[in-house]
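coords-v3.tsv follows (TSV, C-alpha atoms):
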chain	number	residue	atom	x	y	z
A	8	MET	CA	-71.67	-80.54	-69.79
A	9	PRO	CA	-68.13	-81.22	-68.55
A	10	GLY	CA	-66.34	-78.44	-66.82
A	11	PRO	CA	-62.82	-77.36	-67.65
A	12	ILE	CA	-61.34	-79.40	-64.81
A	13	GLN	CA	-62.95	-82.56	-66.15
A	14	THR	CA	-61.69	-81.77	-69.63
A	15	VAL	CA	-58.16	-81.35	-68.34
A	16	ALA	CA	-58.44	-84.59	-66.39
A	17	GLU	CA	-59.64	-86.46	-69.45
A	18	THR	CA	-56.79	-85.03	-71.48
A	19	LEU	CA	-54.29	-86.13	-68.87
A	20	ASN	CA	-55.74	-89.62	-68.60
A	21	SER	CA	-56.08	-90.25	-72.30
A	22	GLN	CA	-53.68	-92.46	-74.18
A	23	ILE	CA	-50.66	-90.64	-75.60
A	24	PRO	CA	-50.45	-91.29	-79.34
A	25	LEU	CA	-47.32	-92.58	-81.01
A	26	GLU	CA	-46.57	-89.17	-82.48
A	27	GLY	CA	-46.28	-87.66	-79.01
A	28	PHE	CA	-43.42	-89.94	-78.05
A	29	LEU	CA	-41.75	-89.48	-81.43
A	30	ILE	CA	-41.88	-85.69	-81.31
A	31	VAL	CA	-40.55	-85.54	-77.75
A	32	ALA	CA	-37.69	-87.81	-78.82
A	33	ALA	CA	-36.99	-85.68	-81.90
A	34	VAL	CA	-36.87	-82.47	-79.84
A	35	MET	CA	-34.59	-84.16	-77.31
A	36	PHE	CA	-32.31	-85.27	-80.15
A	37	ALA	CA	-32.20	-81.72	-81.48
A	38	ILE	CA	-31.30	-80.32	-78.04
A	39	GLY	CA	-28.51	-82.87	-77.71
A	40	ALA	CA	-27.20	-82.03	-81.17
A	41	TRP	CA	-27.24	-78.33	-80.35
A	42	GLY	CA	-25.27	-78.91	-77.18
A	43	ALA	CA	-22.78	-81.18	-78.91
A	44	VAL	CA	-22.16	-78.47	-81.48
A	45	ILE	CA	-21.89	-75.40	-79.27
A	46	ARG	CA	-20.29	-76.49	-75.99
A	47	ARG	CA	-16.55	-76.14	-75.45
A	48	ASN	CA	-16.11	-78.62	-72.64
A	49	ALA	CA	-15.47	-82.13	-73.96
A	50	VAL	CA	-17.23	-83.76	-70.98
A	51	VAL	CA	-20.40	-81.79	-71.65
A	52	VAL	CA	-20.18	-82.80	-75.30
A	53	PHE	CA	-20.22	-86.40	-74.11
A	54	MET	CA	-23.31	-85.73	-72.03
A	55	CYS	CA	-25.04	-84.28	-75.08
A	56	VAL	CA	-24.12	-87.33	-77.13
A	57	GLU	CA	-25.65	-89.48	-74.37
A	58	ILE	CA	-28.84	-87.43	-74.60
A	59	MET	CA	-28.97	-88.01	-78.35
A	60	ILE	CA	-28.52	-91.76	-77.85
A	61	ASN	CA	-31.34	-91.73	-75.30
A	62	ALA	CA	-33.62	-89.92	-77.72
A	63	VAL	CA	-33.02	-92.55	-80.38
A	64	ASN	CA	-33.61	-95.29	-77.82
A	65	LEU	CA	-36.91	-93.69	-76.85
A	66	THR	CA	-37.98	-93.65	-80.50
A	67	LEU	CA	-37.07	-97.31	-80.85
A	68	VAL	CA	-39.00	-98.38	-77.77
A	69	ALA	CA	-42.00	-96.31	-78.83
A	70	PHE	CA	-42.09	-98.08	-82.18
A	71	ALA	CA	-41.62	-101.45	-80.50
A	72	ASP	CA	-44.64	-100.78	-78.33
A	73	PHE	CA	-46.91	-99.28	-80.98
A	74	LEU	CA	-46.26	-101.17	-84.20
A	75	PRO	CA	-48.07	-104.49	-84.38
A	76	ASP	CA	-45.34	-106.39	-86.21
A	77	ALA	CA	-42.48	-105.29	-83.97
A	78	GLY	CA	-43.38	-107.83	-81.34
A	79	GLY	CA	-41.17	-106.43	-78.63
A	80	ILE	CA	-37.91	-107.06	-80.47
A	81	GLY	CA	-37.19	-103.33	-80.50
A	82	ALA	CA	-36.87	-103.35	-76.73
A	83	SER	CA	-34.14	-105.99	-76.95
A	84	TYR	CA	-32.41	-103.91	-79.59
A	85	ALA	CA	-32.57	-100.90	-77.25
A	86	ALA	CA	-30.81	-102.97	-74.59
A	87	LEU	CA	-27.95	-103.58	-77.03
A	88	ILE	CA	-27.80	-99.84	-77.76
A	89	ILE	CA	-27.53	-99.12	-74.02
A	90	ALA	CA	-24.55	-101.51	-73.80
A	91	ILE	CA	-22.83	-99.88	-76.77
A	92	ALA	CA	-23.42	-96.41	-75.31
A	93	ALA	CA	-21.83	-97.53	-72.04
A	94	ALA	CA	-18.75	-98.73	-73.96
A	95	GLU	CA	-18.64	-95.40	-75.79
A	96	VAL	CA	-18.68	-93.47	-72.53
A	97	ALA	CA	-15.84	-95.57	-71.10
A	98	VAL	CA	-13.59	-95.08	-74.12
A	99	GLY	CA	-14.53	-91.43	-74.59
A	100	LEU	CA	-13.84	-90.43	-71.00
A	101	ALA	CA	-10.53	-92.31	-71.14
A	102	ILE	CA	-9.59	-90.25	-74.20
A	103	VAL	CA	-10.65	-87.04	-72.44
A	104	LEU	CA	-8.51	-87.96	-69.44
A	105	ALA	CA	-5.52	-88.71	-71.69
A	106	ILE	CA	-5.93	-85.36	-73.47
A	107	PHE	CA	-6.28	-83.56	-70.15
A	108	ARG	CA	-3.13	-85.25	-68.84
A	109	SER	CA	-1.02	-84.21	-71.80
A	110	ARG	CA	-2.49	-80.75	-72.43
A	111	ARG	CA	-4.07	-79.60	-69.14
A	112	THR	CA	-7.31	-78.67	-70.84
A	113	VAL	CA	-10.56	-80.28	-71.94
A	114	ASN	CA	-11.49	-77.34	-74.09
A	115	ILE	CA	-12.09	-78.80	-77.52
A	116	ASP	CA	-11.24	-75.52	-79.24
A	117	GLU	CA	-7.68	-75.74	-77.99
A	118	VAL	CA	-7.08	-79.36	-78.98
A	119	ASN	CA	-6.33	-78.65	-82.61
A	120	SER	CA	-3.00	-80.33	-83.25
A	121	MET	CA	-4.58	-82.43	-86.00
A	122	LYS	CA	-5.93	-79.35	-87.77
A	123	GLY	CA	-4.67	-79.18	-91.34
B	5	MET	CA	-39.55	-82.11	-67.68
B	6	MET	CA	-37.20	-84.22	-69.74
B	7	LEU	CA	-36.76	-81.46	-72.30
B	8	VAL	CA	-36.15	-78.87	-69.58
B	9	SER	CA	-33.47	-81.11	-68.11
B	10	ALA	CA	-31.90	-81.62	-71.52
B	11	LEU	CA	-31.82	-77.86	-72.04
B	12	GLY	CA	-30.24	-77.54	-68.63
B	13	VAL	CA	-27.39	-79.81	-69.73
B	14	VAL	CA	-26.70	-77.54	-72.67
B	15	LEU	CA	-27.12	-74.18	-71.00
B	16	SER	CA	-25.85	-74.70	-67.46
B	17	ARG	CA	-22.67	-72.84	-66.59
B	18	ASN	CA	-21.49	-75.28	-63.98
B	19	VAL	CA	-20.40	-78.62	-65.39
B	20	VAL	CA	-21.59	-80.49	-62.30
B	21	HIS	CA	-25.03	-78.98	-62.75
B	22	SER	CA	-24.95	-80.22	-66.33
B	23	ALA	CA	-24.25	-83.75	-65.10
B	24	LEU	CA	-27.11	-83.59	-62.60
B	25	PHE	CA	-29.47	-82.25	-65.26
B	26	MET	CA	-28.38	-85.18	-67.42
B	27	SER	CA	-29.38	-87.58	-64.65
B	28	GLY	CA	-32.77	-85.90	-64.47
B	29	SER	CA	-33.22	-86.26	-68.20
B	30	PHE	CA	-32.35	-89.96	-68.02
B	31	LEU	CA	-34.84	-90.42	-65.18
B	32	ALA	CA	-37.54	-88.89	-67.36
B	33	VAL	CA	-36.63	-91.36	-70.11
B	34	VAL	CA	-37.09	-94.13	-67.51
B	35	GLY	CA	-40.60	-92.84	-66.97
B	36	PHE	CA	-41.28	-92.94	-70.69
B	37	PHE	CA	-40.03	-96.54	-70.86
B	38	VAL	CA	-42.43	-97.53	-68.10
B	39	MET	CA	-45.27	-95.85	-69.99
B	40	LEU	CA	-44.25	-97.77	-73.10
B	41	SER	CA	-44.61	-101.10	-71.26
B	42	ALA	CA	-40.91	-101.93	-71.18
B	43	PRO	CA	-40.25	-102.32	-67.44
B	44	ALA	CA	-37.11	-104.44	-67.87
B	45	LEU	CA	-35.62	-101.80	-70.14
B	46	ALA	CA	-36.59	-99.10	-67.64
B	47	ALA	CA	-34.67	-101.00	-64.97
B	48	PHE	CA	-31.65	-101.28	-67.27
B	49	GLN	CA	-31.82	-97.57	-67.99
B	50	LEU	CA	-32.06	-96.74	-64.31
B	51	LEU	CA	-29.11	-98.94	-63.37
B	52	ILE	CA	-26.81	-98.18	-66.27
B	53	TYR	CA	-27.49	-94.54	-67.08
B	54	VAL	CA	-28.69	-92.97	-63.86
B	55	GLY	CA	-26.40	-95.19	-61.81
B	56	ALA	CA	-23.26	-95.94	-63.75
B	57	VAL	CA	-22.86	-93.44	-66.57
B	58	SER	CA	-23.65	-90.43	-64.41
B	59	VAL	CA	-21.12	-91.54	-61.81
B	60	VAL	CA	-18.47	-92.14	-64.46
B	61	ILE	CA	-19.08	-88.70	-65.95
B	62	LEU	CA	-18.93	-87.11	-62.50
B	63	PHE	CA	-15.58	-88.82	-62.01
B	64	GLY	CA	-14.44	-87.43	-65.33
B	65	ILE	CA	-15.49	-83.95	-64.21
B	66	MET	CA	-13.70	-84.43	-60.92
B	67	PHE	CA	-10.45	-85.31	-62.65
B	68	THR	CA	-10.52	-82.68	-65.34
B	69	GLN	CA	-12.12	-79.52	-63.99
B	70	SER	CA	-10.53	-76.77	-62.05
B	71	PRO	CA	-13.08	-74.72	-60.12
B	72	GLN	CA	-13.67	-71.44	-61.81
B	73	VAL	CA	-16.55	-69.10	-62.43
B	74	ARG	CA	-17.30	-68.72	-66.08
B	75	SER	CA	-19.60	-66.44	-67.94
B	76	PHE	CA	-21.96	-67.88	-70.50
B	77	SER	CA	-19.96	-66.67	-73.47
B	78	THR	CA	-16.88	-68.63	-72.41
B	79	ILE	CA	-18.57	-72.03	-72.21
B	80	VAL	CA	-19.84	-71.96	-75.76
B	81	ASN	CA	-17.95	-71.43	-78.96
B	82	LYS	CA	-18.79	-69.04	-81.78
B	83	GLN	CA	-21.40	-71.29	-83.32
B	84	VAL	CA	-24.28	-70.76	-80.87
B	85	TRP	CA	-26.81	-69.25	-83.22
B	86	ALA	CA	-25.73	-71.23	-86.29
B	87	GLY	CA	-25.87	-74.39	-84.17
B	88	LEU	CA	-29.30	-73.40	-82.84
B	89	ALA	CA	-30.54	-72.89	-86.39
B	90	VAL	CA	-29.19	-76.28	-87.45
B	91	ALA	CA	-30.63	-78.01	-84.40
B	92	LEU	CA	-34.02	-76.35	-84.89
B	93	GLY	CA	-33.93	-77.42	-88.52
B	94	VAL	CA	-33.10	-81.01	-87.62
B	95	GLY	CA	-35.69	-81.13	-84.85
B	96	GLY	CA	-38.40	-79.52	-86.94
B	97	PHE	CA	-37.69	-81.78	-89.89
B	98	LEU	CA	-37.70	-84.93	-87.74
B	99	SER	CA	-40.88	-83.85	-85.95
B	100	TYR	CA	-42.62	-83.05	-89.22
B	101	ILE	CA	-41.66	-86.35	-90.83
B	102	LEU	CA	-42.50	-88.41	-87.76
B	103	ALA	CA	-45.83	-86.63	-87.22
B	104	THR	CA	-47.10	-86.68	-90.78
B	105	GLU	CA	-46.00	-90.17	-91.71
B	106	ASP	CA	-48.79	-92.73	-91.68
B	107	TRP	CA	-47.59	-95.48	-89.39
B	108	GLY	CA	-50.50	-97.78	-90.10
B	109	ALA	CA	-52.35	-99.52	-87.32
B	110	THR	CA	-50.60	-98.20	-84.25
B	111	GLU	CA	-51.93	-99.06	-80.86
B	112	ALA	CA	-50.34	-98.90	-77.47
B	113	GLY	CA	-49.51	-102.01	-75.54
B	114	GLN	CA	-48.35	-104.19	-78.43
B	115	GLY	CA	-44.94	-104.69	-76.86
B	116	THR	CA	-44.31	-107.45	-74.44
B	117	ARG	CA	-44.23	-106.78	-70.73
B	118	ASP	CA	-42.98	-110.27	-70.09
B	119	VAL	CA	-39.40	-110.19	-68.89
B	120	ALA	CA	-38.88	-113.84	-69.84
B	121	ALA	CA	-39.86	-113.11	-73.43
B	122	PHE	CA	-37.58	-110.06	-73.38
B	123	GLY	CA	-34.67	-112.26	-72.33
B	124	GLU	CA	-35.48	-114.86	-74.96
B	125	TYR	CA	-35.47	-112.20	-77.65
B	126	LEU	CA	-32.20	-110.85	-76.36
B	127	LEU	CA	-30.56	-114.28	-76.45
B	128	GLY	CA	-31.91	-115.10	-79.88
B	129	VAL	CA	-34.09	-118.05	-78.90
B	130	GLY	CA	-37.40	-116.23	-79.30
B	131	PRO	CA	-39.41	-116.26	-82.51
B	132	ASP	CA	-37.91	-114.23	-85.38
B	133	SER	CA	-34.94	-113.10	-83.38
B	134	GLU	CA	-32.13	-115.40	-84.47
B	135	ILE	CA	-29.96	-112.42	-85.37
B	136	PHE	CA	-29.80	-111.44	-81.70
B	137	ALA	CA	-27.70	-114.51	-80.91
B	138	MET	CA	-24.92	-112.96	-82.99
B	139	LEU	CA	-25.57	-109.37	-81.88
B	140	PHE	CA	-25.45	-110.34	-78.23
B	141	GLN	CA	-22.01	-111.93	-78.61
B	142	LEU	CA	-20.79	-109.00	-80.70
B	143	VAL	CA	-21.83	-106.61	-77.95
B	144	ALA	CA	-20.05	-108.77	-75.39
B	145	ILE	CA	-16.82	-108.65	-77.41
B	146	LEU	CA	-17.26	-104.91	-77.98
B	147	LEU	CA	-17.64	-104.21	-74.26
B	148	PHE	CA	-14.58	-106.32	-73.49
B	149	VAL	CA	-12.46	-104.52	-76.07
B	150	ALA	CA	-13.77	-101.14	-74.94
B	151	VAL	CA	-12.90	-101.74	-71.30
B	152	ILE	CA	-9.37	-102.89	-72.22
B	153	ALA	CA	-8.99	-99.88	-74.53
B	154	ALA	CA	-10.16	-97.50	-71.80
B	155	ILE	CA	-7.58	-98.92	-69.40
B	156	VAL	CA	-4.81	-98.71	-71.99
B	157	ILE	CA	-5.64	-95.15	-73.00
B	158	SER	CA	-5.98	-93.75	-69.51
B	159	ARG	CA	-2.96	-95.49	-68.05
B	160	ARG	CA	-0.45	-93.05	-66.69
B	161	LYS	CA	2.89	-93.04	-68.44
B	162	ASP	CA	6.07	-91.28	-67.42
B	163	THR	CA	6.35	-89.52	-70.76
B	164	ASP	CA	2.90	-88.03	-70.28
B	165	ILE	CA	3.93	-86.34	-67.08
B	166	GLU	CA	7.02	-84.86	-68.74
B	167	SER	CA	5.07	-83.64	-71.76
B	168	ALA	CA	2.40	-82.15	-69.49
B	169	SER	CA	5.02	-80.11	-67.69
B	170	ASP	CA	6.44	-79.10	-71.08
B	171	VAL	CA	3.06	-77.87	-72.25
B	172	ARG	CA	2.58	-75.94	-69.05
B	173	ASP	CA	5.98	-74.31	-69.41
B	174	VAL	CA	5.16	-73.27	-72.95
B	175	GLY	CA	1.79	-71.97	-71.84
B	176	GLU	CA	3.31	-69.83	-69.16
In structure tokens, write the structure found in this file.
Amino acid sequence: MPGPIQTVAETLNSQIPLEGFLIVAAVMFAIGAWGAVIRRNAVVVFMCVEIMINAVNLTLVAFADFLPDAGGIGASYAALIIAIAAAEVAVGLAIVLAIFRSRRTVNIDEVNSMKG
Amino acid sequence: MMLVSALGVVLSRNVVHSALFMSGSFLAVVGFFVMLSAPALAAFQLLIYVGAVSVVILFGIMFTQSPQVRSFSTIVNKQVWAGLAVALGVGGFLSYILATEDWGATEAGQGTRDVAAFGEYLLGVGPDSEIFAMLFQLVAILLFVAVIAAIVISRRKDTDIESASDVRDVGE
């Protein structure tokens, strides 16, 4: 009869199913979305968008590893997503710097000159 | 640990702490990539996100933040609880769909660990990956345009300095 320590060890050593990765990625996406909605600082909003991109990337790589017909192409696709995210960060931070230079704030509540 | 770090990004009062929590979250994603037998992708993630993006964001913080102590209610806007409800709804819905969907014959280790095969897929010479030849060049052009655009946007102009002083005068 296995003791509780052995049970815990077996649980830790067992293979994580696909749903585990997917749910972790979904929760991470939700946290990033929450942060992107509630934070006032534009730089932190960028960080939250990065977290959301990472969550989607994790989902993609999980499917590429688990689905038999994916054949590893999903990992290559994730590499393209990483490149696009890097471009997004470069442009976004340049915009934040330009806004900060003209308005002396990165508070996205105060940058409302395009509000109708 | 990844989720705790992600929550730290959202809830930390200090922006620098948020950036460091973001690095921790990216590191945890690196660990997941290694578990999912994508070591080349894990290396990319480590170099680009933990290395480059975090440093760029820290530079952005350095240029834009003035040191000040803030209470929690000043770093978030009025939508905390509505946003939490929406995020919980999105997360719960995604989790439910992803957990209950029948994905067929799933088994770990179907992806390729071979870095050479990864590179062939990425360049579009592998089997069934002809579309990547076009995507790869599109990404190259996109990165080029994005870097030029970032330089153009963030270049300092004389009019910007004048308008900044104008805004500050109005503010005071």
*Can you check which residues of chain A have any atom within 6 Å of chain B? Use all atoms listed in the file and format it as a PyMOL selection string.*
chain A and resi 26+30+33-34+37+41-42+45-47+71-75+78-79+83+94+98+101+105+109-110
*One-decimal distance in Å that lies between atom CA of A:Ala16 and atom CA of A:Phe28*: 19.8 Å
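One distance worth recording is that between atom CA of A:Cys55 and atom CA of A:Ala40, which is 6.8 Å.
With all atoms listed in the file as the atoms that count, the residue of A:Ala90, A:Phe107, A:Val63, A:Val50 with the shortest distance to A:Met35 is A:Val63.
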_Residues near A:Phe53, cut-off 8 Å, only C-alpha atoms, skip fewer than 5 positions along chain, as a ChimeraX atom specification_ = /A:43,96,99
*Please, what distance in Å, to one decimal, runs between atom CA of A:Tyr84 and atom CA of A:Phe70?*
11.6 Å
